[in-house]
>>> print(open('run-v4.txt').read())   # compact mmCIF, C-alpha atoms
# COMPACT_ATOMS: atom_id res chain seq x y z
CA MET Y 342 82.39 151.40 -33.96
CA ALA Y 343 85.77 152.69 -32.80
CA LEU Y 344 86.33 149.45 -30.86
CA PHE Y 345 85.48 147.40 -33.97
CA GLY Y 346 87.97 149.41 -36.05
CA ALA Y 347 90.68 148.95 -33.46
CA LEU Y 348 90.04 145.20 -33.47
CA ILE Y 349 90.36 145.06 -37.28
CA LEU Y 350 93.65 146.99 -37.14
CA ALA Y 351 94.99 144.67 -34.48
CA LEU Y 352 94.09 141.61 -36.54
CA LEU Y 353 95.71 143.10 -39.64
CA ALA Y 354 98.86 143.92 -37.69
CA GLY Y 355 99.00 140.39 -36.38
CA ALA Y 356 98.50 138.94 -39.85
CA HIS Y 357 101.50 140.87 -41.19
CA ALA Y 358 103.78 140.36 -38.19
CA GLU Y 359 106.99 138.58 -39.19
CA LEU Y 360 107.49 135.23 -37.53
CA PRO Y 361 110.90 134.43 -36.07
CA GLY Y 362 113.02 131.70 -37.60
CA CYS Y 363 115.18 131.54 -34.49
CA LYS Y 364 114.54 132.16 -30.80
CA ILE Y 365 116.99 132.27 -27.90
CA ARG Y 366 116.19 132.01 -24.20
CA ILE Y 367 118.76 132.86 -21.55
CA THR Y 368 117.74 131.45 -18.18
CA SER Y 369 118.63 132.57 -14.68
CA LYS Y 370 121.06 129.63 -14.45
CA ALA Y 371 123.34 131.48 -16.86
CA LEU Y 372 123.43 134.65 -14.79
CA GLU Y 373 125.77 133.37 -12.08
CA LEU Y 374 128.40 132.51 -14.71
CA VAL Y 375 127.91 135.86 -16.45
CA LYS Y 376 128.03 137.71 -13.12
CA GLN Y 377 131.30 136.08 -12.06
CA GLU Y 378 133.00 136.93 -15.34
CA GLY Y 379 131.50 140.43 -15.43
CA LEU Y 380 132.55 141.28 -11.88
CA ARG Y 381 136.04 139.96 -12.57
CA PHE Y 382 136.23 142.36 -15.51
CA LEU Y 383 134.94 145.28 -13.41
CA GLU Y 384 137.50 144.55 -10.71
CA GLN Y 385 140.29 144.52 -13.30
CA GLU Y 386 139.06 147.82 -14.74
CA LEU Y 387 138.84 149.52 -11.35
CA GLU Y 388 142.26 148.30 -10.25
CA THR Y 389 143.79 150.30 -13.11
CA VAL Y 390 142.15 153.57 -12.08
CA THR Y 391 144.53 156.54 -11.91
CA ILE Y 392 143.59 158.82 -9.03
CA PRO Y 393 144.94 162.40 -9.11
CA ASP Y 394 146.83 164.00 -6.22
CA LEU Y 395 144.93 165.87 -3.56
CA ARG Y 396 146.68 168.92 -2.17
CA GLY Y 397 145.67 172.19 -0.52
CA SER Y 398 145.19 173.88 2.84
CA GLU Y 399 142.49 174.25 5.47
CA GLY Y 400 143.21 177.08 7.90
CA HIS Y 401 146.57 176.27 9.50
CA PHE Y 402 146.49 172.76 8.05
CA PHE Y 403 148.44 171.99 4.86
CA TYR Y 404 148.16 168.61 3.07
CA ASN Y 405 149.46 166.73 0.02
CA ILE Y 406 148.12 163.23 -0.76
CA SER Y 407 149.81 161.63 -3.79
CA GLU Y 408 150.62 158.31 -5.51
CA VAL Y 409 147.19 156.88 -4.72
CA LYS Y 410 146.88 153.27 -5.90
CA VAL Y 411 144.02 150.77 -5.62
CA THR Y 412 145.57 147.67 -4.01
CA GLU Y 413 142.47 145.61 -3.38
CA LEU Y 414 138.87 145.56 -4.55
CA GLN Y 415 136.08 143.37 -3.22
CA LEU Y 416 132.60 143.24 -4.73
CA THR Y 417 131.32 140.68 -2.27
CA PHE Y 418 127.62 141.47 -2.18
CA SER Y 419 126.28 141.52 -5.72
CA GLU Y 420 123.27 140.18 -7.56
CA LEU Y 421 122.46 139.84 -11.27
CA HIS Y 422 118.85 139.06 -12.13
CA PHE Y 423 116.16 139.48 -14.76
CA GLN Y 424 113.56 142.14 -14.14
CA PRO Y 425 110.49 142.77 -16.32
CA ASP Y 426 110.65 146.04 -18.31
CA GLN Y 427 114.37 146.46 -17.50
CA GLU Y 428 115.74 143.19 -18.97
CA LEU Y 429 118.83 142.80 -16.74
CA VAL Y 430 119.74 144.39 -13.40
CA LEU Y 431 123.12 144.28 -11.62
CA GLN Y 432 123.17 145.35 -7.98
CA ILE Y 433 126.40 145.85 -6.04
CA ASN Y 434 126.25 146.59 -2.32
CA ASN Y 435 128.97 147.24 0.27
CA ALA Y 436 131.89 147.18 -2.14
CA SER Y 437 135.25 147.79 -0.45
CA TRP Y 438 138.57 149.15 -1.72
CA GLY Y 439 142.07 148.96 -0.34
CA LEU Y 440 144.21 152.03 -1.07
CA ARG Y 441 147.90 152.90 -0.76
CA PHE Y 442 149.02 156.52 -0.89
CA ARG Y 443 151.69 158.91 0.21
CA ARG Y 444 150.71 161.75 2.53
CA GLN Y 445 152.45 164.97 3.55
CA LEU Y 446 150.81 166.93 6.35
CA LEU Y 447 151.77 170.18 8.08
CA TYR Y 448 149.74 171.64 10.93
CA TRP Y 449 150.28 174.22 13.71
CA PHE Y 450 148.30 172.83 16.61
CA LEU Y 451 148.08 169.59 18.64
CA LYS Y 452 145.43 166.89 19.26
CA VAL Y 453 144.20 166.81 15.53
CA TYR Y 454 144.34 163.04 14.91
CA GLU Y 455 140.55 162.61 14.72
CA PHE Y 456 140.22 165.63 12.50
CA LEU Y 457 142.96 164.37 10.15
CA SER Y 458 141.40 160.91 9.96
CA THR Y 459 138.01 162.34 9.07
CA PHE Y 460 139.54 164.73 6.57
CA ILE Y 461 141.60 162.07 4.78
CA THR Y 462 138.67 159.66 4.66
CA SER Y 463 136.41 162.33 3.20
CA GLY Y 464 139.08 163.30 0.68
CA MET Y 465 139.56 159.72 -0.45
CA ARG Y 466 135.84 159.24 -0.88
CA PHE Y 467 135.71 162.41 -2.96
CA LEU Y 468 138.56 161.22 -5.19
CA LEU Y 469 137.04 157.75 -5.60
CA ASN Y 470 133.66 159.25 -6.48
CA GLN Y 471 135.30 161.49 -9.07
CA GLN Y 472 137.27 158.68 -10.74
CA ILE Y 473 135.57 155.34 -10.13
CA CYS Y 474 131.97 156.20 -10.96
CA PRO Y 475 132.86 157.30 -14.53
CA VAL Y 476 134.91 154.10 -14.92
CA LEU Y 477 131.91 151.98 -13.89
CA TYR Y 478 129.68 153.89 -16.28
CA HIS Y 479 132.23 153.54 -19.07
CA ALA Y 480 132.69 149.81 -18.46
CA GLY Y 481 128.96 149.18 -18.43
CA THR Y 482 127.95 151.26 -21.45
CA VAL Y 483 130.94 151.48 -23.75
CA LEU Y 484 133.16 148.48 -23.12
CA LEU Y 485 130.43 145.90 -22.57
CA ASN Y 486 128.61 147.29 -25.60
CA SER Y 487 131.78 146.64 -27.61
CA LEU Y 488 131.41 143.01 -26.54
CA LEU Y 489 127.80 142.97 -27.79
CA ASP Y 490 129.03 144.39 -31.09
CA THR Y 491 130.73 141.03 -31.71
CA VAL Y 492 127.31 139.36 -31.98
CA PRO Y 493 126.71 138.66 -35.70
CA VAL Y 494 123.56 140.40 -36.93
CA ARG Y 495 123.91 140.20 -40.72
CA SER Y 496 127.03 138.47 -41.92
CA ALA Y 497 128.40 136.12 -44.57
CA VAL Y 498 128.31 132.39 -43.86
CA ASP Y 499 130.62 131.55 -46.77
CA GLU Y 500 131.31 132.84 -50.27
CA LEU Y 501 127.73 132.15 -51.41
CA VAL Y 502 125.19 132.98 -48.70
CA GLY Y 503 124.72 135.16 -45.63
CA ILE Y 504 122.58 135.00 -42.48
CA ASP Y 505 120.31 137.67 -41.01
CA TYR Y 506 119.88 137.58 -37.22
CA SER Y 507 118.05 140.89 -36.86
CA LEU Y 508 115.96 141.21 -33.71
CA LEU Y 509 112.28 141.31 -34.62
CA LYS Y 510 111.25 142.99 -31.36
CA ASP Y 511 112.66 144.02 -28.01
CA PRO Y 512 113.77 141.20 -25.69
CA VAL Y 513 111.14 140.10 -23.17
CA ALA Y 514 112.28 139.56 -19.59
CA SER Y 515 110.51 137.63 -16.86
CA THR Y 516 111.77 136.88 -13.38
CA SER Y 517 113.42 133.65 -14.60
CA ASN Y 518 114.56 134.21 -18.19
CA LEU Y 519 115.17 136.56 -21.11
CA ASP Y 520 113.58 135.68 -24.48
CA MET Y 521 114.76 137.05 -27.84
CA GLU Y 522 113.26 136.59 -31.31
CA PHE Y 523 115.47 136.76 -34.42
CA ARG Y 524 114.65 136.77 -38.11
CA GLY Y 525 116.91 133.75 -38.63
CA ALA Y 526 116.90 133.91 -42.44
CA PHE Y 527 119.59 133.09 -45.00
CA TYR Y 528 120.02 134.97 -48.27
CA PRO Y 529 122.26 134.73 -51.38
CA LEU Y 530 125.09 137.25 -51.21
CA THR Y 531 124.32 138.27 -54.80
CA GLU Y 532 120.69 139.01 -53.80
CA ALA Y 533 121.07 140.75 -50.46
CA ASN Y 534 117.52 142.12 -50.53
CA TRP Y 535 115.88 138.77 -51.30
CA SER Y 536 113.99 137.02 -48.51
CA LEU Y 537 111.88 133.87 -48.29
CA SER Y 538 108.37 134.25 -46.89
CA ASN Y 539 108.08 132.59 -43.49
CA ARG Y 540 105.03 130.34 -43.39
CA ALA Y 541 106.47 127.79 -40.99
CA VAL Y 542 105.35 126.95 -37.47
CA GLU Y 543 106.61 129.48 -34.92
CA PRO Y 544 109.20 127.85 -32.64
CA GLN Y 545 108.33 127.71 -28.95
CA LEU Y 546 110.55 127.74 -25.86
CA GLN Y 547 109.19 126.31 -22.62
CA GLU Y 548 112.22 124.78 -20.90
CA GLU Y 549 114.31 126.49 -18.20
CA GLU Y 550 116.62 123.72 -16.92
CA ARG Y 551 119.74 124.69 -18.95
CA MET Y 552 121.58 128.00 -19.17
CA VAL Y 553 120.42 128.75 -22.71
CA TYR Y 554 117.93 127.39 -25.25
CA VAL Y 555 117.91 127.98 -29.00
CA ALA Y 556 114.92 127.11 -31.21
CA PHE Y 557 114.92 126.85 -35.01
CA SER Y 558 111.87 126.52 -37.25
CA GLU Y 559 111.70 124.71 -40.59
CA PHE Y 560 111.90 128.16 -42.18
CA PHE Y 561 115.47 128.60 -40.87
CA PHE Y 562 116.68 125.55 -42.80
CA ASP Y 563 114.43 126.11 -45.83
CA SER Y 564 115.83 129.61 -46.30
CA ALA Y 565 119.35 128.18 -46.18
CA MET Y 566 118.66 125.57 -48.85
CA GLU Y 567 116.78 127.99 -51.09
CA SER Y 568 119.61 130.51 -50.80
CA TYR Y 569 122.15 127.93 -51.94
CA PHE Y 570 119.77 126.91 -54.72
CA ARG Y 571 119.46 130.50 -55.94
CA ALA Y 572 123.23 130.91 -55.68
CA GLY Y 573 123.66 128.00 -58.13
CA ALA Y 574 125.47 125.73 -55.67
CA LEU Y 575 123.16 122.70 -55.84
CA LYS Y 576 124.54 121.04 -58.95
CA LEU Y 577 127.35 118.62 -59.74
CA SER Y 578 129.00 117.66 -63.02
CA LEU Y 579 131.34 114.65 -63.34
CA VAL Y 580 133.24 114.15 -66.61
CA GLY Y 581 135.70 111.47 -67.70
CA ASP Y 582 137.96 110.30 -64.87
CA LYS Y 583 135.71 112.03 -62.30
CA VAL Y 584 133.03 109.38 -62.94
CA PRO Y 585 133.79 106.28 -60.79
CA HIS Y 586 135.12 103.46 -63.00
CA ASP Y 587 132.50 100.90 -61.98
CA LEU Y 588 129.68 103.36 -62.61
CA ASP Y 589 131.18 104.28 -65.99
CA MET Y 590 131.11 100.62 -67.04
CA VAL Y 591 127.52 100.11 -65.84
CA LEU Y 592 126.29 103.22 -67.66
CA ARG Y 593 128.02 102.29 -70.93
CA ALA Y 594 126.59 98.78 -70.72
CA SER Y 595 123.10 100.11 -69.99
CA TYR Y 596 123.14 102.35 -73.03
CA PHE Y 597 125.20 100.06 -75.25
CA GLY Y 598 122.38 99.82 -77.79
CA SER Y 599 122.41 103.59 -78.28
CA ILE Y 600 126.19 104.00 -78.15
CA VAL Y 601 126.98 101.31 -80.69
CA LEU Y 602 125.00 103.15 -83.37
CA MET Y 603 127.10 106.30 -83.01
CA SER Y 604 130.16 107.26 -84.98
CA PRO Y 605 133.53 105.85 -83.83
CA ALA Y 606 134.65 109.32 -82.72
CA VAL Y 607 131.77 109.45 -80.25
CA ILE Y 608 131.72 105.85 -78.97
CA ASP Y 609 134.96 106.12 -76.96
CA SER Y 610 134.50 109.73 -75.83
CA PRO Y 611 134.37 110.58 -72.10
CA LEU Y 612 131.17 110.03 -70.18
CA LYS Y 613 129.44 112.90 -68.43
CA LEU Y 614 127.11 112.60 -65.44
CA GLU Y 615 125.31 115.79 -64.37
CA LEU Y 616 123.11 116.18 -61.29
CA ARG Y 617 121.10 119.37 -60.89
CA VAL Y 618 118.60 120.09 -58.11
CA MET Y 619 115.35 121.07 -59.83
CA GLU Y 620 113.72 123.03 -57.00
CA PRO Y 621 114.74 124.23 -53.53
CA PRO Y 622 114.95 121.29 -51.08
CA ARG Y 623 112.54 121.33 -48.16
CA CYS Y 624 113.06 120.47 -44.51
CA THR Y 625 110.53 118.60 -42.38
CA ILE Y 626 110.94 118.51 -38.60
CA LYS Y 627 108.97 115.94 -36.61
CA PRO Y 628 109.37 114.54 -33.11
CA SER Y 629 110.78 111.40 -34.77
CA GLY Y 630 113.54 113.29 -36.59
CA THR Y 631 114.49 115.83 -39.25
CA THR Y 632 114.45 115.04 -42.98
CA VAL Y 633 115.34 116.91 -46.16
CA SER Y 634 113.57 116.13 -49.45
CA VAL Y 635 115.46 116.73 -52.71
CA THR Y 636 114.39 116.31 -56.35
CA THR Y 637 117.23 116.21 -58.86
CA SER Y 638 117.54 115.80 -62.61
CA VAL Y 639 120.21 113.35 -63.77
CA THR Y 640 121.63 113.69 -67.26
CA ILE Y 641 123.96 111.11 -68.85
CA ALA Y 642 125.86 112.11 -71.97
CA LEU Y 643 128.98 111.48 -74.02
CA VAL Y 644 131.37 114.41 -74.48
CA PRO Y 645 133.46 113.99 -77.68
CA PRO Y 646 136.37 116.44 -77.99
CA ASN Y 647 135.55 119.63 -79.88
CA GLN Y 648 132.01 118.44 -80.58
CA PRO Y 649 128.62 119.01 -78.97
CA GLU Y 650 127.83 116.52 -76.22
CA VAL Y 651 125.50 113.62 -77.08
CA GLN Y 652 122.80 112.96 -74.50
CA LEU Y 653 122.13 109.31 -73.71
CA SER Y 654 119.40 109.68 -71.12
CA SER Y 655 117.80 111.94 -68.55
CA MET Y 656 115.91 110.93 -65.44
CA ILE Y 657 114.50 112.26 -62.19
CA MET Y 658 115.97 111.33 -58.83
CA ASP Y 659 114.07 111.71 -55.56
CA ALA Y 660 116.11 111.49 -52.38
CA ARG Y 661 115.30 111.82 -48.72
CA LEU Y 662 118.09 112.72 -46.32
CA SER Y 663 118.09 112.52 -42.56
CA ALA Y 664 119.63 115.51 -40.77
CA LYS Y 665 121.18 115.55 -37.30
CA MET Y 666 121.87 118.93 -35.71
CA ALA Y 667 124.55 119.72 -33.15
CA LEU Y 668 126.06 122.80 -31.50
CA ARG Y 669 129.85 122.94 -31.44
CA GLY Y 670 131.35 126.05 -29.92
CA LYS Y 671 128.72 128.49 -31.08
CA ALA Y 672 128.16 127.01 -34.54
CA LEU Y 673 125.08 125.02 -35.56
CA ARG Y 674 126.35 122.05 -37.56
CA THR Y 675 124.42 119.51 -39.64
CA GLN Y 676 125.25 115.91 -40.53
CA LEU Y 677 123.31 114.49 -43.51
CA ASP Y 678 122.71 110.84 -44.33
CA LEU Y 679 121.00 109.30 -47.38
CA ARG Y 680 117.89 107.37 -46.32
CA ARG Y 681 115.60 106.90 -49.34
CA PHE Y 682 116.39 107.06 -53.02
CA ARG Y 683 114.64 106.33 -56.29
CA ILE Y 684 115.06 107.19 -59.97
CA TYR Y 685 112.41 107.28 -62.64
CA SER Y 686 111.82 108.61 -66.12
CA ASN Y 687 109.60 111.55 -66.78
CA GLN Y 688 108.97 110.16 -70.27
CA SER Y 689 107.30 106.78 -69.74
CA ALA Y 690 106.75 103.99 -67.23
CA LEU Y 691 108.55 101.56 -69.54
CA GLU Y 692 111.69 103.69 -69.48
CA SER Y 693 111.44 103.86 -65.68
CA LEU Y 694 111.61 100.04 -65.58
CA ALA Y 695 114.72 100.15 -67.76
CA LEU Y 696 116.40 102.40 -65.17
CA ILE Y 697 116.11 99.88 -62.33
CA PRO Y 698 119.63 98.44 -62.93
CA LEU Y 699 121.06 101.95 -62.40
CA GLN Y 700 119.46 102.32 -58.97
CA THR Y 701 122.25 100.65 -56.98
CA PRO Y 702 125.30 102.21 -58.74
CA LEU Y 703 123.79 105.70 -58.62
CA LYS Y 704 123.01 105.31 -54.93
CA THR Y 705 126.60 104.24 -54.35
CA LEU Y 706 127.77 107.32 -56.25
CA LEU Y 707 125.71 109.54 -53.96
CA GLN Y 708 127.10 107.89 -50.84
CA ILE Y 709 130.78 107.92 -51.80
CA ALA Y 710 131.01 111.14 -53.83
CA VAL Y 711 128.08 113.49 -53.23
CA MET Y 712 127.25 113.07 -49.52
CA PRO Y 713 130.83 113.76 -48.32
CA MET Y 714 130.83 117.01 -50.34
CA LEU Y 715 127.52 118.08 -48.79
CA ASN Y 716 128.60 117.21 -45.27
CA GLU Y 717 131.89 119.02 -45.67
CA ARG Y 718 129.90 122.19 -46.23
CA THR Y 719 127.10 121.65 -43.69
CA TRP Y 720 129.52 120.59 -40.94
CA ARG Y 721 131.27 123.95 -41.14
CA GLY Y 722 128.11 125.25 -39.52
CA VAL Y 723 126.59 128.67 -39.11
CA GLN Y 724 127.28 130.89 -36.11
CA ILE Y 725 124.59 131.39 -33.49
CA PRO Y 726 124.18 135.01 -32.27
CA LEU Y 727 126.40 134.91 -29.18
CA PRO Y 728 129.19 137.34 -28.24
CA GLU Y 729 132.76 136.39 -29.05
CA GLY Y 730 134.45 134.23 -26.42
CA ILE Y 731 131.26 132.45 -25.26
CA ASP Y 732 130.60 128.88 -26.42
CA PHE Y 733 127.89 126.25 -25.98
CA VAL Y 734 128.69 123.04 -24.08
CA ARG Y 735 126.74 119.91 -23.12
CA GLU Y 736 123.97 120.47 -25.66
CA VAL Y 737 120.77 118.42 -25.95
CA VAL Y 738 118.68 118.45 -29.17
CA THR Y 739 114.90 117.94 -29.00
CA ASN Y 740 112.63 117.68 -32.04
CA HIS Y 741 109.07 119.02 -32.07
CA ALA Y 742 106.38 119.37 -34.73
CA GLY Y 743 107.76 122.01 -37.11
CA PHE Y 744 110.78 123.14 -35.04
CA LEU Y 745 113.63 121.89 -32.91
CA THR Y 746 115.21 123.18 -29.71
CA ILE Y 747 118.74 122.86 -28.41
CA GLY Y 748 119.43 123.29 -24.72
CA ALA Y 749 122.99 123.92 -23.60
CA ASP Y 750 125.19 125.46 -20.95
CA LEU Y 751 127.61 128.32 -21.54
CA HIS Y 752 131.37 128.41 -21.27
CA PHE Y 753 133.73 131.40 -21.47
CA ALA Y 754 136.35 130.17 -23.95
CA LYS Y 755 138.10 133.55 -23.54
CA GLY Y 756 138.23 135.93 -20.64
CA LEU Y 757 135.86 138.88 -20.87
CA ARG Y 758 138.73 141.33 -20.65
CA GLU Y 759 140.61 139.58 -23.48
CA VAL Y 760 137.62 139.86 -25.80
CA ILE Y 761 136.88 143.48 -24.86
CA GLU Y 762 140.52 144.53 -25.27
CA LYS Y 763 140.51 142.96 -28.74
CA ASN Y 764 137.35 144.84 -29.75
CA ARG Y 765 137.77 147.99 -27.63
CA PRO Y 766 136.97 151.12 -29.65
CA ALA Y 767 140.12 153.14 -30.34
CA ASP Y 768 138.71 156.35 -28.83
CA THR Y 769 137.53 154.83 -25.53
CA ARG Y 770 140.81 153.95 -23.84
CA ASP Y 771 140.28 156.77 -21.37
CA PRO Y 772 136.89 156.53 -19.63
CA ARG Y 773 136.95 160.26 -19.01
CA THR Y 774 136.63 160.85 -22.78
CA SER Y 775 133.34 158.95 -22.97
CA SER Y 776 129.99 160.62 -22.52
CA ALA Y 777 129.78 159.59 -18.88
CA PRO Y 778 127.37 161.41 -16.57
CA PRO Y 779 128.68 163.60 -13.75
CA PRO Y 780 130.13 161.57 -10.82
CA SER Y 781 127.13 162.36 -8.64
CA MET Y 782 124.72 160.98 -11.26
CA ALA Y 783 126.88 157.90 -11.81
CA ALA Y 784 126.96 157.27 -8.07
CA VAL Y 785 123.18 157.42 -7.90
>>> encode(input="run-v4.txt", output="structure tokens")
Amino acid sequence: MALFGALILALLAGAHAELPGCKIRITSKALELVKQEGLRFLEQELETVTIPDLRGSEGHFFYNISEVKVTELQLTFSELHFQPDQELVLQINNASWGLRFRRQLLYWFLKVYEFLSTFITSGMRFLLNQQICPVLYHAGTVLLNSLLDTVPVRSAVDELVGIDYSLLKDPVASTSNLDMEFRGAFYPLTEANWSLSNRAVEPQLQEEERMVYVAFSEFFFDSAMESYFRAGALKLSLVGDKVPHDLDMVLRASYFGSIVLMSPAVIDSPLKLELRVMEPPRCTIKPSGTTVSVTTSVTIALVPPNQPEVQLSSMIMDARLSAKMALRGKALRTQLDLRRFRIYSNQSALESLALIPLQTPLKTLLQIAVMPMLNERTWRGVQIPLPEGIDFVREVVTNHAGFLTIGADLHFAKGLREVIEKNRPADTRDPRTSSAPPPSMAAV
């Protein structure tokens, strides 16, 4: 009975588990690049270490070692790898330092060279242990964490919507990669607590040939389009000179029978064309490509000055857009293209036949006026959760049933030290002020 109850609870937990809209896999091929940049940063940090003077006496031996400077640092034997249950492990073996210092020695007996050499070496090791281990701890926990703080978790995309990249669970490490699952959901900035239910196919990552892979489900794009819909962005109104001249002439000719019966003050008034998306557009991802389906109401009216507008007609427009995704820098960008288009009346089939002459001019309007506006916004892109200074290069997009994956390599557009210095917390300039463990613990 207890086993049966546990099974029911497990099934219920699984049924309510939130599916990710975005997944990221970092493969072992990325680690060599990350290791090189990370070790370069550690070397730069350690070369700036300030080592205090060492002075005192031992029996008849008096010493003063001062002006100690690190002149050379070599981290030759190092390895960065994934390890289950620990995510990421950096091992450094047989590191070597070159030091320059000034020494003052006073002693009262002869034949002490070996003793002095042993004493100075032990003293230097003591000083290095006291100063360098806290620096390593500080660099690894405070400074590198300041780099991770540049990863966008919940931020504004533009003035209308934001994106939520919250981690849904702890990263999962294997011997060859690190997998992370993100909510990957957009939301209107005026409704920060709103969220779209994720009923899409869960994206899958199987590849390991590139440095990094990013997967997006249909939910990722659906939440974006519904957020813009709720924010009131999916509508367009053209009045007077904003309506293309050729289209204005075609529309007036099409509705000449209705216009000619109106008063003279209305006949020559400006024409208004309003397009309003009726419901949130939906994205469909197939191996053959990605499409977006949109249903829009089209209203044609005359707008006489200082009078209520006079509606000439209203119709429904169905459009299907193709969408091509690309990664540029660390932004996911989208290029839309009009593929299918039709207009019809929601009043009668006869009226739908009368709208056929408007099919071509309205399609032209979409291509020359509406599509450039959409692409200007979608090509700005949305940032992928990567730290500042790291970009995607040489990307490859692959479509699947219900999701798409993008494989790419990584490139440090900025040096690690440059990014960390820019985002370094104000109170962590001195590693000795951080909550570092004692030198002996740091050494272990």
>>> residues_around(input="run-v4.txt", residues="range 738-753 of chain Y", least_positions_apart="6", cutoff="6 Å", atoms="all atoms listed in the file", output="PyMOL selection string")
chain Y and resi 542+544+551-559+626-628+730-732
>>> closest_residue(input="run-v4.txt", among="Y:Gly630, Y:Gly573, Y:Pro702, Y:Gly670", to="Asp589 in chain Y", atoms="all atoms listed in the file")
Y:Pro702
>>> closest_residue(input="run-v4.txt", among="Y:Gly581, Y:Pro713, Y:Pro645, Y:Pro493", to="Leu727 in chain Y", atoms="all atoms listed in the file")
Y:Pro493
>>> atom_distance(input="run-v4.txt", atom1="CA of Asp505 in chain Y", atom2="CA of Met521 in chain Y")
14.3 Å
>>> residues_near_point(input="run-v4.txt", point="(123.4, 118.8, -38.5)", cutoff="10 Å", atoms="all atoms listed in the file", output="list of chain:residue names")
Y:Thr631, Y:Ser663, Y:Ala664, Y:Lys665, Y:Met666, Y:Ala667, Y:Leu668, Y:Leu673, Y:Arg674, Y:Thr675, Y:Gln676, Y:Leu677, Y:Asp678, Y:Asn716, Y:Thr719, Y:Trp720, Y:Arg721, Y:Gly722
>>> residues_around(input="run-v4.txt", residues="Tyr569 in chain Y", least_positions_apart="6", cutoff="8 Å", atoms="all atoms listed in the file", output="list of chain:residue names")
Y:Leu501, Y:Val502, Y:Pro529, Y:Leu575
>>> atom_distance(input="run-v4.txt", atom1="CA of Glu729 in chain Y", atom2="CA of Val492 in chain Y")
6.9 Å
>>> closest_residue(input="run-v4.txt", among="Y:Leu383, Y:Arg443, Y:Thr412, Y:Leu372", to="Arg396 in chain Y", atoms="only C-alpha atoms")
Y:Arg443
>>> closest_residue(input="run-v4.txt", among="Y:Ala574, Y:Val723, Y:Val390, Y:Ala754", to="Ala526 in chain Y", atoms="all atoms listed in the file")
Y:Val723
>>> closest_residue(input="run-v4.txt", among="Y:Leu757, Y:Ala533, Y:Met714, Y:Ile504", to="Pro728 in chain Y", atoms="all atoms listed in the file")
Y:Leu757
>>> closest_residue(input="run-v4.txt", among="Y:Ser634, Y:Gln724, Y:Asn405, Y:Thr640", to="Arg681 in chain Y", atoms="only C-alpha atoms")
Y:Ser634
>>> residues_around(input="run-v4.txt", residues="Phe382 in chain Y", least_positions_apart="4", cutoff="9 Å", atoms="only C-alpha atoms", output="number ranges by chain")
Y: 377-378, 386-387, 480, 756-758
